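J.: File start-v2.txt follows (compact mmCIF, C-alpha atoms and all ligand atoms):
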# COMPACT_ATOMS: atom_id res chain seq x y z
CA MET A 1 37.73 54.60 -49.10
CA VAL A 2 39.06 57.45 -51.23
CA PRO A 3 40.64 60.27 -49.21
CA PHE A 4 38.46 63.03 -50.66
CA GLU A 5 39.35 66.70 -50.29
CA ASN A 6 37.11 69.72 -50.15
CA SER A 7 38.97 71.91 -52.63
CA GLU A 8 38.57 73.16 -56.17
CA GLN A 9 42.02 71.89 -57.06
CA TYR A 10 41.11 68.39 -55.91
CA ALA A 11 37.82 68.39 -57.88
CA LEU A 12 39.70 69.54 -60.98
CA SER A 13 42.29 66.82 -60.58
CA MET A 14 39.53 64.18 -60.22
CA ASP A 15 38.00 65.44 -63.46
CA GLU A 16 41.35 65.25 -65.20
CA GLN A 17 41.78 61.61 -64.18
CA ASP A 18 38.21 60.71 -65.16
CA SER A 19 38.27 58.48 -68.26
CA LEU A 20 34.62 59.39 -68.92
CA LYS A 21 35.10 63.16 -68.73
CA ASP A 22 34.61 63.76 -72.47
CA PHE A 23 31.15 62.20 -72.51
CA ARG A 24 29.80 65.41 -70.99
CA ASN A 25 30.45 67.08 -74.35
CA GLN A 26 28.01 64.69 -75.97
CA PHE A 27 25.09 66.31 -74.11
CA TYR A 28 23.35 69.67 -74.22
CA ILE A 29 23.78 71.28 -70.80
CA PRO A 30 21.00 73.83 -70.06
CA VAL A 31 22.25 77.39 -69.62
CA ILE A 32 21.12 79.56 -66.73
CA HIS A 33 22.20 83.21 -66.29
CA GLY A 34 24.61 82.79 -69.19
CA ARG A 35 26.48 79.78 -67.84
CA ASP A 36 26.10 76.01 -67.80
CA ALA A 37 23.62 74.97 -65.16
CA LEU A 38 24.70 72.61 -62.44
CA TYR A 39 22.21 69.99 -63.59
CA PHE A 40 21.37 67.35 -60.98
CA THR A 41 17.99 66.10 -62.13
CA GLY A 42 18.97 63.27 -64.44
CA ASN A 43 16.84 61.14 -62.09
CA SER A 44 13.82 63.08 -63.32
CA LEU A 45 14.67 63.95 -66.92
CA GLY A 46 18.04 63.03 -68.37
CA LEU A 47 19.80 65.53 -70.63
CA GLU A 48 19.54 65.46 -74.39
CA PRO A 49 22.42 63.77 -76.19
CA ARG A 50 23.73 65.89 -79.07
CA SER A 51 23.27 62.88 -81.36
CA THR A 52 19.54 62.48 -80.64
CA GLN A 53 18.38 64.94 -83.26
CA GLU A 54 20.37 63.10 -85.94
CA TYR A 55 18.92 59.71 -84.95
CA VAL A 56 15.36 61.06 -85.00
CA LEU A 57 15.97 63.04 -88.18
CA ASN A 58 17.21 59.87 -89.88
CA GLU A 59 13.88 58.18 -89.22
CA LEU A 60 12.01 61.26 -90.45
CA GLU A 61 14.06 61.09 -93.62
CA GLU A 62 13.32 57.38 -93.98
CA TRP A 63 9.64 58.23 -93.65
CA ALA A 64 9.99 60.96 -96.29
CA SER A 65 11.80 58.57 -98.65
CA TYR A 66 9.79 55.41 -98.17
CA GLY A 67 6.41 56.23 -96.66
CA VAL A 68 4.87 52.98 -95.44
CA GLU A 69 7.64 50.95 -97.09
CA GLY A 70 9.94 52.13 -94.33
CA HIS A 71 8.56 49.27 -92.27
CA PHE A 72 10.68 46.96 -94.40
CA HIS A 73 13.11 49.16 -96.34
CA ALA A 74 14.38 51.67 -93.79
CA ALA A 75 18.00 51.07 -92.72
CA THR A 76 16.58 49.75 -89.45
CA PRO A 77 13.22 48.42 -90.69
CA TRP A 78 10.42 49.73 -88.47
CA TYR A 79 8.77 46.31 -88.43
CA HIS A 80 11.60 45.16 -86.17
CA TYR A 81 12.68 48.53 -84.76
CA GLN A 82 12.07 47.50 -81.13
CA ASP A 83 14.51 44.61 -81.58
CA SER A 84 17.34 47.02 -82.39
CA LEU A 85 17.25 48.16 -78.74
CA THR A 86 17.01 44.78 -77.10
CA LEU A 87 20.62 43.68 -76.70
CA GLN A 88 21.70 46.93 -75.08
CA LEU A 89 18.67 46.97 -72.79
CA ALA A 90 19.18 43.32 -71.87
CA GLU A 91 22.78 44.02 -70.87
CA MET A 92 21.64 46.92 -68.71
CA MET A 93 18.98 44.81 -66.99
CA GLY A 94 21.15 41.73 -66.58
CA ALA A 95 18.68 39.86 -68.74
CA GLU A 96 18.63 37.33 -71.53
CA LYS A 97 17.72 38.90 -74.85
CA ASP A 98 14.26 37.35 -75.01
CA GLU A 99 13.39 38.68 -71.58
CA VAL A 100 13.30 42.37 -72.55
CA VAL A 101 11.36 44.54 -74.95
CA ALA A 102 10.85 48.29 -75.33
CA MET A 103 7.19 49.28 -75.60
CA ASN A 104 4.50 51.68 -74.39
CA THR A 105 4.90 53.95 -71.39
CA LEU A 106 5.80 53.08 -67.83
CA THR A 107 2.51 53.01 -65.93
CA THR A 108 0.83 51.30 -68.90
CA ASN A 109 3.46 48.58 -68.70
CA LEU A 110 3.09 48.18 -64.96
CA HIS A 111 -0.62 47.50 -65.51
CA LEU A 112 0.09 45.01 -68.29
CA LEU A 113 2.56 43.15 -66.09
CA LEU A 114 0.15 43.05 -63.19
CA VAL A 115 -2.45 41.50 -65.50
CA SER A 116 -0.07 38.56 -65.88
CA PHE A 117 1.63 38.49 -62.49
CA TYR A 118 -0.98 39.66 -60.01
CA ARG A 119 -3.55 36.90 -60.25
CA PRO A 120 -5.31 36.78 -56.91
CA GLN A 121 -6.85 33.47 -55.92
CA GLY A 122 -8.65 32.48 -52.72
CA LYS A 123 -6.97 34.03 -49.71
CA ARG A 124 -3.85 34.93 -51.74
CA TYR A 125 -4.83 38.36 -53.07
CA LYS A 126 -2.56 40.94 -51.41
CA ILE A 127 0.23 43.09 -52.82
CA LEU A 128 3.19 44.19 -50.74
CA CYS A 129 4.51 47.65 -51.68
CA GLU A 130 6.28 50.69 -50.29
CA TYR A 131 4.24 53.15 -48.26
CA ASP A 132 6.32 55.82 -50.00
CA ALA A 133 5.82 54.36 -53.47
CA PHE A 134 5.69 56.86 -56.33
CA PRO A 135 2.03 57.94 -56.62
CA SER A 136 1.54 56.49 -60.10
CA ASP A 137 2.64 53.07 -58.83
CA LEU A 138 0.32 53.40 -55.87
CA TYR A 139 -2.63 54.32 -58.11
CA ALA A 140 -1.81 51.41 -60.41
CA LEU A 141 -1.78 48.99 -57.49
CA GLN A 142 -4.93 50.44 -55.93
CA SER A 143 -6.82 50.23 -59.21
CA GLN A 144 -5.60 46.68 -59.87
CA VAL A 145 -6.88 45.37 -56.54
CA LEU A 146 -10.17 47.25 -57.07
CA PHE A 147 -10.40 45.74 -60.55
CA HIS A 148 -10.20 42.28 -58.99
CA GLY A 149 -12.93 43.15 -56.48
CA TYR A 150 -10.80 43.85 -53.40
CA SER A 151 -10.40 47.01 -51.35
CA PRO A 152 -7.01 48.74 -51.33
CA GLU A 153 -7.28 49.20 -47.54
CA ASP A 154 -7.33 45.44 -47.13
CA ALA A 155 -5.35 44.21 -50.13
CA LEU A 156 -2.32 46.50 -50.05
CA ILE A 157 0.29 45.83 -47.38
CA PHE A 158 2.61 48.80 -46.91
CA LEU A 159 6.26 48.70 -45.95
CA ARG A 160 7.30 51.60 -43.72
CA PRO A 161 10.70 52.37 -42.22
CA ARG A 162 11.12 51.94 -38.47
CA PRO A 163 10.21 55.02 -36.41
CA GLY A 164 12.93 57.66 -36.75
CA GLU A 165 14.43 55.94 -39.82
CA TYR A 166 14.12 56.76 -43.51
CA ILE A 167 15.18 53.60 -45.26
CA LEU A 168 13.64 50.15 -45.23
CA ARG A 169 15.67 47.33 -43.73
CA THR A 170 15.81 44.19 -45.83
CA GLU A 171 15.22 42.05 -42.74
CA ASP A 172 11.98 43.95 -42.08
CA ILE A 173 10.83 43.40 -45.66
CA GLN A 174 11.63 39.70 -45.36
CA LYS A 175 9.78 39.45 -42.04
CA THR A 176 6.72 41.21 -43.44
CA ILE A 177 6.63 38.81 -46.37
CA GLU A 178 7.01 35.85 -44.04
CA LYS A 179 4.30 37.15 -41.71
CA ASN A 180 1.87 37.44 -44.62
CA ARG A 181 3.09 34.41 -46.50
CA ASP A 182 -0.35 32.92 -47.07
CA THR A 183 -2.00 36.04 -48.41
CA ILE A 184 0.57 37.84 -50.59
CA ALA A 185 0.07 37.33 -54.32
CA SER A 186 2.80 39.71 -55.44
CA VAL A 187 5.56 41.94 -54.07
CA MET A 188 5.97 45.11 -56.15
CA LEU A 189 8.55 47.71 -55.18
CA GLY A 190 10.45 50.49 -56.89
CA ALA A 191 13.92 48.94 -57.29
CA VAL A 192 15.41 52.30 -56.30
CA ASN A 193 12.98 54.31 -54.20
CA TYR A 194 12.33 57.63 -55.90
CA TYR A 195 12.29 59.59 -52.64
CA THR A 196 15.16 58.23 -50.58
CA GLY A 197 17.27 56.80 -53.41
CA GLN A 198 17.48 53.45 -51.60
CA PHE A 199 18.44 50.56 -53.89
CA PHE A 200 16.68 47.53 -52.48
CA GLU A 201 18.25 44.09 -52.26
CA LEU A 202 16.24 42.69 -55.14
CA ASP A 203 17.72 39.20 -54.91
CA LYS A 204 16.82 38.71 -51.25
CA ILE A 205 13.37 40.25 -51.66
CA THR A 206 12.66 38.08 -54.70
CA LYS A 207 13.73 34.97 -52.80
CA ALA A 208 11.54 35.86 -49.84
CA ALA A 209 8.58 36.45 -52.18
CA HIS A 210 9.12 33.12 -53.92
CA ASP A 211 9.51 31.27 -50.61
CA ALA A 212 6.09 32.64 -49.70
CA GLY A 213 4.59 31.55 -53.02
CA ALA A 214 4.29 35.10 -54.40
CA THR A 215 5.66 36.75 -57.53
CA ALA A 216 8.25 39.52 -57.28
CA GLY A 217 8.19 42.56 -59.55
CA PHE A 218 10.00 45.87 -59.57
CA ASN A 219 9.59 49.28 -61.12
CA LEU A 220 13.05 50.18 -62.42
CA ALA A 221 12.22 53.82 -63.19
CA HIS A 222 15.08 55.00 -60.95
CA ALA A 223 17.28 51.95 -61.43
CA ALA A 224 17.68 51.46 -65.19
CA GLY A 225 20.99 52.92 -66.32
CA ASN A 226 21.75 53.88 -62.72
CA VAL A 227 22.62 50.73 -60.77
CA PRO A 228 23.96 47.29 -61.76
CA LEU A 229 21.09 44.88 -62.32
CA LYS A 230 21.04 41.09 -62.65
CA LEU A 231 17.34 40.50 -63.04
CA HIS A 232 17.68 37.08 -64.64
CA GLU A 233 20.14 35.77 -62.08
CA TRP A 234 18.09 37.22 -59.22
CA ASP A 235 15.08 35.34 -60.56
CA VAL A 236 12.91 38.46 -60.66
CA ASP A 237 9.54 37.62 -62.24
CA TYR A 238 8.68 40.93 -63.89
CA ALA A 239 9.88 44.52 -64.11
CA CYS A 240 9.26 47.71 -66.06
CA PHE A 241 11.48 50.69 -66.70
CA CYS A 242 11.31 54.13 -68.25
CA SER A 243 13.83 55.76 -70.55
CA TYR A 244 13.47 59.47 -69.83
CA LYS A 245 15.51 59.51 -66.59
CA TYR A 246 18.98 57.94 -66.64
CA LEU A 247 18.46 56.66 -70.18
CA ASN A 248 18.18 60.19 -71.61
CA ALA A 249 15.54 59.36 -74.22
CA GLY A 250 13.54 62.54 -73.75
CA PRO A 251 10.24 63.51 -72.11
CA GLY A 252 7.67 60.70 -72.13
CA GLY A 253 10.27 58.38 -73.76
CA VAL A 254 9.37 54.79 -74.52
CA SER A 255 9.26 52.37 -71.62
CA GLY A 256 10.08 48.67 -71.53
CA ILE A 257 9.56 45.43 -69.66
CA PHE A 258 11.48 42.48 -68.33
CA ILE A 259 9.80 39.10 -67.98
CA HIS A 260 11.84 36.19 -66.73
CA ASN A 261 12.25 33.41 -69.28
CA ARG A 262 10.45 31.04 -66.94
CA HIS A 263 7.31 33.00 -67.72
CA ALA A 264 8.16 34.65 -71.02
CA THR A 265 8.29 31.27 -72.74
CA ASP A 266 4.93 30.24 -71.29
CA SER A 267 2.50 31.07 -74.07
CA SER A 268 -0.44 30.08 -71.88
CA LEU A 269 0.27 32.87 -69.37
CA PRO A 270 -2.72 35.27 -69.40
CA ARG A 271 -1.99 38.68 -70.86
CA PHE A 272 -3.71 41.55 -72.60
CA ALA A 273 -2.78 41.08 -76.24
CA GLY A 274 -2.32 43.30 -79.28
CA TRP A 275 -1.14 42.59 -82.80
CA TRP A 276 2.48 43.64 -82.22
CA GLY A 277 2.77 40.90 -79.61
CA ASN A 278 1.87 38.33 -82.23
CA ASP A 279 4.69 36.28 -83.75
CA PRO A 280 6.20 38.61 -86.42
CA GLU A 281 6.29 35.68 -88.87
CA THR A 282 2.50 35.49 -88.96
CA ARG A 283 1.57 39.00 -87.81
CA PHE A 284 0.68 40.18 -91.28
CA SER A 285 -1.29 37.11 -92.19
CA PHE A 286 -3.70 38.28 -89.47
CA PRO A 287 -4.35 34.98 -87.71
CA ARG A 288 -7.74 34.91 -85.96
CA THR A 289 -6.05 33.53 -82.86
CA PHE A 290 -3.19 35.32 -81.19
CA ILE A 291 0.16 33.50 -81.46
CA PRO A 292 2.52 35.15 -78.97
CA ALA A 293 5.95 36.23 -80.18
CA LYS A 294 8.89 34.64 -78.40
CA GLY A 295 9.68 35.98 -74.95
CA ALA A 296 8.76 39.38 -73.57
CA ARG A 297 7.98 40.54 -77.11
CA GLY A 298 4.74 38.61 -76.78
CA TRP A 299 3.49 41.33 -74.40
CA GLN A 300 3.69 44.12 -76.99
CA LEU A 301 0.41 45.71 -77.99
CA SER A 302 0.95 48.33 -80.68
CA ASN A 303 3.37 48.97 -83.52
CA ALA A 304 6.69 50.42 -82.41
CA PRO A 305 6.83 54.20 -81.75
CA VAL A 306 9.90 54.63 -83.94
CA LEU A 307 10.67 58.31 -83.25
CA PRO A 308 10.96 57.98 -79.44
CA MET A 309 12.74 54.67 -79.94
CA ALA A 310 15.29 56.40 -82.18
CA ALA A 311 15.91 58.85 -79.33
CA LEU A 312 16.47 55.95 -76.97
CA LYS A 313 18.83 54.30 -79.46
CA ALA A 314 20.95 57.48 -79.56
CA SER A 315 21.42 57.33 -75.81
CA LEU A 316 21.97 53.56 -75.62
CA ASP A 317 24.77 53.89 -78.16
CA ILE A 318 26.48 56.36 -75.82
CA PHE A 319 26.10 53.92 -72.91
CA SER A 320 27.63 51.17 -75.03
CA VAL A 321 30.75 53.22 -75.72
CA ALA A 322 31.06 54.46 -72.13
CA GLY A 323 30.57 50.93 -70.70
CA LEU A 324 28.32 50.15 -67.77
CA GLU A 325 31.08 49.10 -65.39
CA ARG A 326 32.99 52.35 -65.88
CA LEU A 327 29.80 54.35 -65.40
CA TYR A 328 28.83 52.59 -62.19
CA ALA A 329 32.37 53.00 -60.83
CA LYS A 330 32.36 56.74 -61.55
CA SER A 331 28.84 57.01 -60.17
CA ARG A 332 29.92 55.56 -56.81
CA LEU A 333 32.85 57.99 -56.60
CA LEU A 334 30.86 61.04 -57.63
CA THR A 335 27.99 60.38 -55.23
CA SER A 336 30.38 59.57 -52.40
CA TYR A 337 32.17 62.86 -53.11
CA LEU A 338 28.89 64.74 -52.84
CA GLU A 339 28.15 62.94 -49.57
CA PHE A 340 31.61 63.85 -48.25
CA LEU A 341 31.15 67.53 -49.10
CA ILE A 342 27.71 67.65 -47.45
CA ASP A 343 29.15 66.03 -44.34
CA ASP A 344 31.82 68.72 -44.42
CA ILE A 345 29.15 71.45 -44.49
CA ASN A 346 27.55 69.91 -41.42
CA THR A 347 30.87 69.67 -39.61
CA ALA A 348 31.66 73.32 -40.34
CA LYS A 349 28.20 74.57 -39.35
CA GLU A 350 28.08 72.51 -36.20
CA LYS A 351 30.71 74.80 -34.69
CA THR A 352 28.63 77.93 -35.30
CA ASP A 353 25.00 76.83 -35.51
CA SER A 354 22.74 74.77 -33.35
CA GLY A 355 22.94 71.34 -34.91
CA GLN A 356 23.53 70.15 -38.43
CA PRO A 357 21.51 71.86 -41.19
CA VAL A 358 21.46 68.89 -43.58
CA THR A 359 20.32 65.32 -42.96
CA ILE A 360 21.16 62.82 -45.68
CA ILE A 361 18.37 60.25 -45.88
CA THR A 362 19.85 58.15 -48.71
CA PRO A 363 21.66 55.00 -47.53
CA ARG A 364 25.30 55.63 -46.63
CA ASP A 365 26.38 52.31 -48.12
CA PRO A 366 27.26 52.91 -51.81
CA GLU A 367 25.94 49.42 -52.64
CA SER A 368 22.50 50.47 -51.42
CA ARG A 369 22.10 53.51 -53.62
CA GLY A 370 22.70 54.82 -57.11
CA CYS A 371 23.72 58.33 -58.08
CA GLN A 372 21.34 60.20 -55.83
CA ILE A 373 21.56 61.96 -52.50
CA SER A 374 18.25 62.94 -50.91
CA MET A 375 18.53 65.37 -48.06
CA VAL A 376 16.28 67.04 -45.54
CA VAL A 377 17.58 70.60 -45.20
CA ARG A 378 16.66 73.15 -42.57
CA ASN A 379 14.32 75.69 -44.26
CA GLY A 380 14.44 73.26 -47.16
CA ARG A 381 11.92 74.86 -49.51
CA SER A 382 13.64 78.24 -49.33
CA VAL A 383 17.10 76.67 -49.77
CA PHE A 384 15.81 74.75 -52.79
CA GLU A 385 14.52 77.95 -54.41
CA LYS A 386 17.80 79.75 -53.77
CA LEU A 387 19.74 76.84 -55.24
CA THR A 388 17.63 77.17 -58.40
CA ASP A 389 18.28 80.93 -58.53
CA ALA A 390 21.99 80.20 -58.25
CA GLY A 391 21.87 77.89 -61.30
CA CYS A 392 21.66 74.54 -59.48
CA ILE A 393 18.90 72.36 -60.87
CA THR A 394 17.85 69.93 -58.16
CA ASP A 395 14.35 68.88 -57.27
CA TRP A 396 12.00 69.23 -54.38
CA ARG A 397 9.83 66.33 -53.30
CA GLU A 398 7.07 66.89 -50.78
CA PRO A 399 7.07 67.01 -47.86
CA ASP A 400 10.66 68.00 -47.18
CA VAL A 401 13.32 66.54 -49.44
CA ILE A 402 15.82 67.99 -51.93
CA ARG A 403 17.08 65.36 -54.36
CA VAL A 404 20.44 65.72 -56.06
CA ALA A 405 21.58 63.27 -58.73
CA PRO A 406 25.17 63.55 -60.00
CA VAL A 407 24.96 61.52 -63.21
CA PRO A 408 28.26 59.95 -64.29
CA LEU A 409 27.68 60.46 -68.02
CA TYR A 410 27.56 64.24 -67.82
CA ASN A 411 28.22 65.51 -64.32
CA SER A 412 31.75 66.34 -63.21
CA PHE A 413 33.51 66.49 -59.87
CA MET A 414 33.66 70.27 -60.37
CA ASP A 415 29.84 70.31 -60.72
CA VAL A 416 29.58 68.56 -57.39
CA TYR A 417 32.17 70.80 -55.76
CA ARG A 418 30.51 73.98 -56.99
CA PHE A 419 27.08 72.75 -55.93
CA ALA A 420 28.29 71.95 -52.40
CA ALA A 421 30.03 75.33 -52.15
CA ILE A 422 26.74 77.09 -53.01
CA LEU A 423 24.74 74.86 -50.67
CA GLY A 424 27.19 75.68 -47.89
CA THR A 425 26.46 79.38 -48.22
CA LEU A 426 22.67 78.83 -48.18
CA VAL A 427 22.12 76.59 -45.16
C1 LIG A 501 8.81 55.12 -59.68
C2 LIG A 501 7.97 55.75 -60.74
N1 LIG A 501 6.84 55.14 -61.11
C3 LIG A 501 6.03 55.68 -62.07
C4 LIG A 501 6.33 56.88 -62.69
C5 LIG A 501 5.39 57.44 -63.70
O1 LIG A 501 5.81 57.18 -64.96
P1 LIG A 501 4.99 57.46 -66.33
O2 LIG A 501 4.39 58.82 -66.24
O3 LIG A 501 6.06 57.40 -67.35
O4 LIG A 501 3.97 56.39 -66.44
C6 LIG A 501 7.52 57.54 -62.33
C7 LIG A 501 7.87 58.82 -62.96
O5 LIG A 501 8.72 59.56 -62.56
C8 LIG A 501 8.34 56.96 -61.33
O6 LIG A 501 9.47 57.57 -60.95
With the file now loaded, output its structure as structure tokens.
T.:
Amino acid sequence: MVPFENSEQYALSMDEQDSLKDFRNQFYIPVIHGRDALYFTGNSLGLEPRSTQEYVLNELEEWASYGVEGHFHAATPWYHYQDSLTLQLAEMMGAEKDEVVAMNTLTTNLHLLLVSFYRPQGKRYKILCEYDAFPSDLYALQSQVLFHGYSPEDALIFLRPRPGEYILRTEDIQKTIEKNRDTIASVMLGAVNYYTGQFFELDKITKAAHDAGATAGFNLAHAAGNVPLKLHEWDVDYACFCSYKYLNAGPGGVSGIFIHNRHATDSSLPRFAGWWGNDPETRFSFPRTFIPAKGARGWQLSNAPVLPMAALKASLDIFSVAGLERLYAKSRLLTSYLEFLIDDINTAKEKTDSGQPVTIITPRDPESRGCQISMVVRNGRSVFEKLTDAGCITDWREPDVIRVAPVPLYNSFMDVYRFAAILGTLV
């Protein structure tokens, strides 16, 4: 445990020692009231890398120069553009290269994956999910069970924390799977819960799902680029991710999928097909029968959206230089520092106020979270608005949570220190 200190001098010295400190200069930091904002919403929309415009402009220039020929003659031919992202994405997901592909948008991909991996049969037709799942995931799951002729009230099993608790215990998830072992067709959770920031134990949950004869899938919206993932090793069946949060690819950025090789190599697995999922060798000979491309690429539908993919490439190249291990190590320190400073606010206020003004609901164990602290704050909505006025960009999630995400690529220890100092005056 690092002996943190609540002082400006300490925060400055941590920044000086930080080998990643210069990466901040590679991003545009929004300006509020004439100074850099304290930006803590990389879990919602990551900041724009300064290189993004150049990457996108390059593709616009290729388009200007080549027109349709850019599909084959651009420096990165558009015909294969999605493949230029694969190795970096696979490393981030802990995947083999054929298990990952960038395509479509997030909720679209979740539906496509459920087409292949939620295949109810007989009494096995239920999906296990979080009660506090992100609404889009919930709607996707509800509409999938309806599509198959079931009612969401019956076919969705919800995981809720124990009374008085905020986070889900792995043992409770395992027990719920075991209790419903004959009826669960798939387990589908957010790998990192958007509300609490809890990083689930994907390996144990996947094993429990498999032991019960179900598939295990995860939405990595809040996990990709945030926490270490070993999807292949953990035997996860399917997963989808977005690129506009920690991957800094811009609003509505391209999404992607992971499909374990066990399934990705199975060309008989039912899927909704489109021409881009056809083997690129024969794609342009327009075979009457779909021949799936190797691996996850066989789930693509449409030709690659090159401009948003160029934006993603700009950010992935920054990740590659920074190195995932260094980023995760800094992330743990930075988030633990924020936690320490919030605890300090509570300790100081306890002496004067009645009780502690801030309750951290994110797991205390750094292994069970990424770079996010979610907190329930007394008079939370008003504190949130005052934080915004003071130049701190956090977010408010109904009913009562302020989320703060210190992102290791561009947030500093001074950001965290200054944020906590402002919070301390507001609670
Ligand atoms: C967990 C989760 N699922 C789904 C979505 C919706 O994603 P999209 O609008 O890209 O489909 C989000 C967006 O923030 C999310 O965080």
J.: With only C-alpha atoms as the atoms that count, which of A:Ile393, A:Leu156, A:Val401, A:Ala102 lies nearest to Leu301 of chain A?
T.: A:Ala102
J.: So how many Å separate atom CA of Arg262 of chain A and atom CA of Lys97 of chain A, to one decimal?
T.: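 Going from atom CA of Arg262 of chain A over to atom CA of Lys97 of chain A covers 13.3 Å.
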J.: Give me, as a PDB file with C-alpha atoms, in the coordinates of the input, the set of residues whose atoms come within 7 Å of any atom of ligand LIG 501 (chain A), counting only C-alpha atoms and all ligand atoms.
T.:
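Now in pocket12.pdb:
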ATOM      1  CA  SER A  44      13.820  63.080 -63.320  1.00  0.00           C
ATOM      2  CA  THR A 105       4.900  53.950 -71.390  1.00  0.00           C
ATOM      3  CA  LEU A 106       5.800  53.080 -67.830  1.00  0.00           C
ATOM      4  CA  THR A 107       2.510  53.010 -65.930  1.00  0.00           C
ATOM      5  CA  THR A 108       0.830  51.300 -68.900  1.00  0.00           C
ATOM      6  CA  ALA A 133       5.820  54.360 -53.470  1.00  0.00           C
ATOM      7  CA  PHE A 134       5.690  56.860 -56.330  1.00  0.00           C
ATOM      8  CA  SER A 136       1.540  56.490 -60.100  1.00  0.00           C
ATOM      9  CA  ASP A 137       2.640  53.070 -58.830  1.00  0.00           C
ATOM     10  CA  GLY A 190      10.450  50.490 -56.890  1.00  0.00           C
ATOM     11  CA  ASN A 193      12.980  54.310 -54.200  1.00  0.00           C
ATOM     12  CA  TYR A 194      12.330  57.630 -55.900  1.00  0.00           C
ATOM     13  CA  ASN A 219       9.590  49.280 -61.120  1.00  0.00           C
ATOM     14  CA  ALA A 221      12.220  53.820 -63.190  1.00  0.00           C
ATOM     15  CA  HIS A 222      15.080  55.000 -60.950  1.00  0.00           C
ATOM     16  CA  CYS A 242      11.310  54.130 -68.250  1.00  0.00           C
ATOM     17  CA  GLY A 252       7.670  60.700 -72.130  1.00  0.00           C
TER      18      GLY A 252
END
J.: What does the structure give for the distance between atom CA of Ala239 of chain A and atom CA of Ile259 of chain A, in Å to one decimal?
T.: 6.7 Å
J.: How many Å separate atom CA of Leu231 of chain A from atom CA of Gly94 of chain A?
T.: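 About the pair atom CA of Leu231 of chain A and atom CA of Gly94 of chain A: they are 5.3 Å apart.
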